[in-house]
Amino acid sequence: MSKIDSNQIFIYNSLNGEKEEFKPVSKPNLGIYVCGPTVYSYVHLGNCRTFLSFDNVVRYFKFLGYNVRYVRNITDAGHLVDDAEQGEDKISKKARLEKLEPMEIVQKYTLDFHDVLKKFNALPPSIEPTATGHIIEQINMVKTILDKGLAYEVNGSVYFDVKKYNEEGGNYGELSGRNIDELMAGSRALDGQSEKKNPQDFALWKKASPEHIMRWDSPWGEGFPGWHLECSAMGTKYLGEQFDIHGGGMDLKFPHHECEIAQGKACNGVSPVNYWMHANMLTLNGQKMSKSTGNTLLPHELFSGDNSLLEKAYSPMVVRFFMLQAHYRSVLDFSSEALNASEKGFNKLMEAKKALSQLEYKSGTVSESEEQKVLDMIAASYANMNDDFNTPKTIAVLFEMVSKINKMVTNNSIDLSEKVFNELRATFNGFIEDVFGLVSENKNDNGVLDGALELLINMRKEAKQNKDYALSDQIRDKLSELGVQLKDSKEGTTYTIK
Ligand code: AMP
Ligand code: ZN
C-alpha cells in the first residue's frame with residue numbers, strides 16, 4: 001500500500017469547526033493556496049509563523065507522495081491601509097514615504113521575504129502569482145459577478161451585493177460565523193460618503209482617485225482591484241473552481257476569506273475550497289505581533305540578536321524548531337526562555353541524528369519488545385501528523401527515538417533487526433529533514449564532510465596498523481591545523497570541528 005493510502009489525514013476545517021477526513025479532489029494530486037504577504041514592509045516573525053505552518057503541511061503531503069501544486073501569491077496591489085476599504089493602497093503609501101516607485105517597494109520587500117523564508121528552509125511554492133500580473137483575470141471575474149446580478153457599479157467602483165447574494169441562497173458568514181442579519185442591523189448607518197448599498201458590501205473594483213498611483217484601465221474606468229479578488233482569481237486560475245486546501249492566518253478569516261467564498265460561489269456556482277485551514281497567531285508580550293502596532297520582531301533581529309528583547313542571537317533552525325513545538329492552531333507566545341529551551345532541544349535532536357548516521361549496523365541479540373517499541377514510535381509519528389498536523393506530538397515521539405538512539409550508541413550495540421533499524425533511521429531522518437525542514441546548521445557538517453573525514457580516519461587507522469606513524473601523525477596534525485580535532489578511544493576515533 002502506498003504511503004498516501006496508508007495515511008488517512010484528518011484536517012480541522014474552519015468551515016465547519018470539525019476535524020474532517022481529507023479527501024483530495026484528484027488523488028494523488030493536491031492543490032493548496034496560501035495567502036502570501038503584502039509586500040510593503042519587512043516580514044515579521046508572526047508572518048513567518050503562518051508561512052512555516054503551511055510549509056510543514058506541504059512538506060508532509062509531499063513526504064507521503066502527493067503531487068502538490070502549491071500556490072502562494074504576492075499581494076502587490078489592492079490592499080488598502082484601512083480595512084473599511086478606504087484610504088491609500090499600502091504599497092503606494094510606502095512608495096510615497098520612501099520616495100520610491102511602488103514596484104521598487106514591491107521588489108525590495110519581496111526579496112526580503114524570499115531571503116527570510118530561504119533561511120528558514122521553507123520550500124518555494126510551485127507558483128507565486130502577483131495581483132498586478134492578474135488584472136485581466138480579476139476584471140473578468142468582476143464582469144461575471146456583475147452579469148449574475150450579484151454586484152453593482154457606482155461611480156466607477158463595483159461592489160459585491162452581500163444582501164442579494166444571501167437572498168439568492170448564498171451564505172455570507174458561513175466561514176467566520178458572523179450572522180449577516182445581525183451585522184446589518186448592528187452596524188452603524190452608512191455615512192453620506194459611502195457609495196455602498198449596505199455596509200457589508202465589499203469592493204471588487206475601486207475607482208482610482210487622481211492621486212492613486214497604481215491604476216489600470218477597466219470597463220468601469222481607471223481603477224484597481226479589491227484585495228479579496230486577487231486570491232479568488234489566482235486560486236481559480238491555477239487550482240480550479242473547487243480545490244483542496246486554502247490557508248492563511250486566523251486574522252484573514254474575516255473579511256478576506258469570507259469574501260473569497262462569496263466571490264467564488266457567485267462566479268462559478270460552487271464553493272471554491274474544500275478545506276479551509278487557519279494558522280494561529282504568534283504573540284509578543286501577549287499581544288498579536290503586528291506591523292500596524294509596531295509590536296514586532298524581525299527575523300534578522302533574531303538571527304543577529306540585535307533587539308533589546310533578546311539575550312542573544314538565535315539561528316533560523318532553532319526558531320523554526322521553536323515554532324514546530326506548538327500546534328499550528330494554538331497561539332504561540334514568543335519569549336527568550338522558550339527559545340533557549342528550543343535551542344537545547346534542537347541541538348539534542350541534531351546530535352542524535354548525527355550519532356545515528358555514524359552508527360553502523362551490527363547484528364546482535366534482537367529484542368522483540370524493543371523492536372515493537374520502535375515500530376510503535378514509527379507508527380505514532382505518522383499518526384500524530386495525520387491528526388491535523390500535530391507537530392508537537394510528533395516531536396515528542398522523535399525525542400523517544402532520541403533516547404533509543406542514544407542508548408544504542410552508548411551501549412555500542414543494536415538490539416533491533418537490520419530491517420527495523422533501517423526503518424527507524426529512515427523515519428527519524430525523514431521527519432526531521434523532509435517533514436520538519438530541519439537541517440544541520442554547521443555548514444561543515446554535511447554528509448560530504450562526514451564521509452571525507454571518515455575516509456581520513458580510516459586511512460590513519462590503516463597507517464597505524466602498518467606502523468607508518470609518519471603518515472598517521474601527518475593526517476592528525478594536518479587536520480588539527482585545519483581545526484579538526486581527532487579523539488581516540490576504545491570505541492574508535494571521533495572528531496570535533498573547532
Ligand atoms: P500580511 O502581509 O499582513 O498580508 O500577512 C501575511 C500573513 O501573515 C497572513 O496570513 C497573516 O494572517 C499572517 N500573520 C500576520 N500577523 C501574524 C501573527 N502575529 N502571527 C501569525 N501570523 C500572522
Ligand atoms: Zn488572500
# chains A, B, ... in the order shown; residues from 1 in each chain; ligands from 1
>>> residues_near_ligand(ligand="ligand 2", cutoff="12 Å", atoms="only C-alpha atoms and all ligand atoms", output="ChimeraX atom specification")
/A:33-38,71-79,129-131,226-235,246-261,278
>>> select_by_dssp(residues="stretch 252-346 of chain A", states="helix (DSSP H, G or I)", output="MDAnalysis selection string")
chainID A and resid 252:268 299:304 316:324 336:346
>>> write_last_selection(atoms="N, CA and C atoms", output="tab-separated table (two decimals), in the first residue's frame")
chain	number	residue	atom	x	y	z
A	252	LEU	N	-7.20	36.40	8.73
A	252	LEU	CA	-7.70	36.57	7.35
A	252	LEU	C	-9.08	35.94	7.15
A	253	LYS	N	-9.56	35.23	8.19
A	253	LYS	CA	-10.85	34.55	8.06
A	253	LYS	C	-11.95	35.53	7.66
A	254	PHE	N	-11.96	36.65	8.37
A	254	PHE	CA	-12.96	37.68	8.06
A	254	PHE	C	-12.26	39.02	7.93
A	255	PRO	N	-12.51	39.80	6.94
A	255	PRO	CA	-13.43	39.52	5.84
A	255	PRO	C	-12.79	38.77	4.65
A	256	HIS	N	-11.45	38.68	4.62
A	256	HIS	CA	-10.80	38.24	3.39
A	256	HIS	C	-11.32	36.90	2.86
A	257	HIS	N	-11.27	35.87	3.69
A	257	HIS	CA	-11.66	34.55	3.18
A	257	HIS	C	-13.18	34.40	3.04
A	258	GLU	N	-13.89	35.07	3.93
A	258	GLU	CA	-15.35	35.06	3.81
A	258	GLU	C	-15.74	35.62	2.43
A	259	CYS	N	-15.07	36.69	2.03
A	259	CYS	CA	-15.36	37.31	0.73
A	259	CYS	C	-14.91	36.42	-0.42
A	260	GLU	N	-13.79	35.71	-0.21
A	260	GLU	CA	-13.33	34.80	-1.27
A	260	GLU	C	-14.37	33.73	-1.56
A	261	ILE	N	-14.98	33.21	-0.49
A	261	ILE	CA	-16.00	32.17	-0.69
A	261	ILE	C	-17.18	32.76	-1.47
A	262	ALA	N	-17.61	33.95	-1.05
A	262	ALA	CA	-18.76	34.58	-1.72
A	262	ALA	C	-18.44	34.84	-3.20
A	263	GLN	N	-17.25	35.34	-3.48
A	263	GLN	CA	-16.87	35.63	-4.87
A	263	GLN	C	-16.84	34.35	-5.70
A	264	GLY	N	-16.24	33.30	-5.14
A	264	GLY	CA	-16.13	32.03	-5.86
A	264	GLY	C	-17.51	31.46	-6.16
A	265	LYS	N	-18.36	31.47	-5.14
A	265	LYS	CA	-19.70	30.90	-5.35
A	265	LYS	C	-20.50	31.74	-6.34
A	266	ALA	N	-20.38	33.07	-6.21
A	266	ALA	CA	-21.13	33.95	-7.10
A	266	ALA	C	-20.68	33.75	-8.54
A	267	CYS	N	-19.39	33.56	-8.71
A	267	CYS	CA	-18.82	33.49	-10.05
A	267	CYS	C	-19.02	32.12	-10.68
A	268	ASN	N	-18.71	31.08	-9.91
A	268	ASN	CA	-18.67	29.73	-10.51
A	268	ASN	C	-19.77	28.80	-10.01
A	299	PRO	N	12.90	38.80	11.64
A	299	PRO	CA	13.79	37.62	11.63
A	299	PRO	C	15.27	37.99	11.73
A	300	HIS	N	15.69	39.04	11.00
A	300	HIS	CA	17.13	39.33	11.04
A	300	HIS	C	17.57	39.81	12.42
A	301	GLU	N	16.63	40.39	13.19
A	301	GLU	CA	16.97	40.79	14.57
A	301	GLU	C	17.24	39.55	15.42
A	302	LEU	N	16.46	38.51	15.16
A	302	LEU	CA	16.68	37.26	15.90
A	302	LEU	C	18.00	36.62	15.52
A	303	PHE	N	18.28	36.63	14.21
A	303	PHE	CA	19.49	35.96	13.74
A	303	PHE	C	20.76	36.70	14.20
A	304	SER	N	20.62	38.02	14.44
A	304	SER	CA	21.81	38.77	14.87
A	304	SER	C	21.78	39.05	16.38
A	316	PRO	N	18.18	30.38	12.48
A	316	PRO	CA	16.88	30.13	11.85
A	316	PRO	C	16.30	28.74	12.19
A	317	MET	N	17.17	27.75	12.28
A	317	MET	CA	16.65	26.40	12.55
A	317	MET	C	16.09	26.28	13.96
A	318	VAL	N	16.72	26.99	14.91
A	318	VAL	CA	16.22	26.97	16.28
A	318	VAL	C	14.85	27.64	16.33
A	319	VAL	N	14.71	28.73	15.59
A	319	VAL	CA	13.43	29.45	15.57
A	319	VAL	C	12.35	28.58	14.89
A	320	ARG	N	12.76	27.92	13.83
A	320	ARG	CA	11.81	27.02	13.14
A	320	ARG	C	11.36	25.91	14.10
A	321	PHE	N	12.32	25.36	14.81
A	321	PHE	CA	12.01	24.28	15.76
A	321	PHE	C	11.08	24.80	16.87
A	322	PHE	N	11.35	26.01	17.34
A	322	PHE	CA	10.51	26.64	18.37
A	322	PHE	C	9.05	26.70	17.88
A	323	MET	N	8.87	27.07	16.64
A	323	MET	CA	7.50	27.16	16.10
A	323	MET	C	6.85	25.79	15.97
A	324	LEU	N	7.65	24.81	15.60
A	324	LEU	CA	7.11	23.45	15.45
A	324	LEU	C	6.63	22.87	16.76
A	336	SER	N	12.33	34.71	25.17
A	336	SER	CA	13.72	34.23	25.09
A	336	SER	C	13.86	32.89	25.80
A	337	GLU	N	13.13	32.75	26.94
A	337	GLU	CA	13.25	31.50	27.70
A	337	GLU	C	12.81	30.31	26.83
A	338	ALA	N	11.68	30.51	26.16
A	338	ALA	CA	11.17	29.41	25.32
A	338	ALA	C	12.16	29.11	24.20
A	339	LEU	N	12.77	30.17	23.65
A	339	LEU	CA	13.75	29.93	22.58
A	339	LEU	C	15.00	29.23	23.09
A	340	ASN	N	15.41	29.59	24.31
A	340	ASN	CA	16.58	28.91	24.88
A	340	ASN	C	16.30	27.42	25.03
A	341	ALA	N	15.09	27.11	25.50
A	341	ALA	CA	14.73	25.69	25.67
A	341	ALA	C	14.70	25.01	24.31
A	342	SER	N	14.18	25.72	23.29
A	342	SER	CA	14.13	25.12	21.95
A	342	SER	C	15.53	24.86	21.42
A	343	GLU	N	16.43	25.77	21.74
A	343	GLU	CA	17.80	25.60	21.25
A	343	GLU	C	18.40	24.30	21.80
A	344	LYS	N	18.17	24.08	23.10
A	344	LYS	CA	18.69	22.84	23.71
A	344	LYS	C	18.07	21.62	23.03
A	345	GLY	N	16.76	21.68	22.86
A	345	GLY	CA	16.06	20.55	22.25
A	345	GLY	C	16.53	20.29	20.83
A	346	PHE	N	16.69	21.37	20.08
A	346	PHE	CA	17.12	21.24	18.69
A	346	PHE	C	18.52	20.59	18.63
>>> residues_around(residues="stretch 281-288 of chain A", least_positions_apart="3", cutoff="10 Å", atoms="only C-alpha atoms", output="list in words")
Leu45, Gly46, Asn47, Cys48, Arg49, Thr50, Gly249, Met250, Asp251, His278, Lys291, Thr293, Asn295, Thr296, Leu297, Leu309, Met323, Tyr328, Arg329, Ser330, Val331, Leu332, Asp333, Phe334 and Ser335 of chain A
>>> select_by_dssp(residues="stretch 157-349 of chain A", states="strand (DSSP E)", output="ChimeraX atom specification")
/A:157-160,202-207,223-225,243-249,273-279,282-284,287-288,332-334
>>> write_last_selection(atoms="C-alpha atoms", output="mmCIF file, in the first residue's frame")
data_model
loop_
_atom_site.group_PDB
_atom_site.id
_atom_site.type_symbol
_atom_site.label_atom_id
_atom_site.label_comp_id
_atom_site.auth_asym_id
_atom_site.auth_seq_id
_atom_site.Cartn_x
_atom_site.Cartn_y
_atom_site.Cartn_z
ATOM 1 C CA SER A 157 -16.382 51.277 -8.499
ATOM 2 C CA VAL A 158 -18.003 47.845 -8.329
ATOM 3 C CA TYR A 159 -19.286 46.371 -5.069
ATOM 4 C CA PHE A 160 -20.370 42.863 -4.185
ATOM 5 C CA PHE A 202 -17.207 44.928 -0.349
ATOM 6 C CA ALA A 203 -15.261 46.318 -3.265
ATOM 7 C CA LEU A 204 -14.490 44.136 -6.253
ATOM 8 C CA TRP A 205 -13.088 47.082 -8.162
ATOM 9 C CA LYS A 206 -12.321 50.593 -6.909
ATOM 10 C CA LYS A 207 -12.181 53.760 -8.922
ATOM 11 C CA GLY A 223 -9.109 51.840 -11.041
ATOM 12 C CA PHE A 224 -7.651 48.905 -9.154
ATOM 13 C CA PRO A 225 -8.915 45.520 -7.917
ATOM 14 C CA PHE A 243 -9.719 22.960 -4.988
ATOM 15 C CA ASP A 244 -8.455 21.106 -1.922
ATOM 16 C CA ILE A 245 -6.949 23.426 0.675
ATOM 17 C CA HIS A 246 -6.813 27.153 1.310
ATOM 18 C CA GLY A 247 -4.667 28.510 4.114
ATOM 19 C CA GLY A 248 -3.785 31.740 5.803
ATOM 20 C CA GLY A 249 -3.511 33.320 9.224
ATOM 21 C CA VAL A 273 -12.362 25.429 -1.354
ATOM 22 C CA ASN A 274 -12.950 22.075 0.338
ATOM 23 C CA TYR A 275 -10.756 22.546 3.440
ATOM 24 C CA TRP A 276 -10.075 25.926 4.989
ATOM 25 C CA MET A 277 -7.083 25.960 7.319
ATOM 26 C CA HIS A 278 -6.181 28.844 9.601
ATOM 27 C CA ALA A 279 -2.921 29.216 11.469
ATOM 28 C CA LEU A 282 2.381 34.497 17.197
ATOM 29 C CA THR A 283 2.157 36.892 20.101
ATOM 30 C CA LEU A 284 4.735 39.079 21.767
ATOM 31 C CA GLN A 287 -0.284 40.807 22.052
ATOM 32 C CA LYS A 288 -0.577 39.799 18.417
ATOM 33 C CA LEU A 332 2.320 30.813 20.452
ATOM 34 C CA ASP A 333 3.894 33.439 22.660
ATOM 35 C CA PHE A 334 7.419 34.496 21.923
#
>>> closest_residue(among="A:Asp477, A:Tyr165, A:Val68, A:Leu298", to="ligand 1", atoms="only C-alpha atoms and all ligand atoms")
A:Leu298
>>> atom_distance(atom1="atom CA of A:Trp220", atom2="atom CA of A:Gly133")
19.2 Å
>>> closest_residue(among="A:Met214, A:Val270, A:Ala452, A:Ala380", to="A:Phe431", atoms="only C-alpha atoms")
A:Ala380
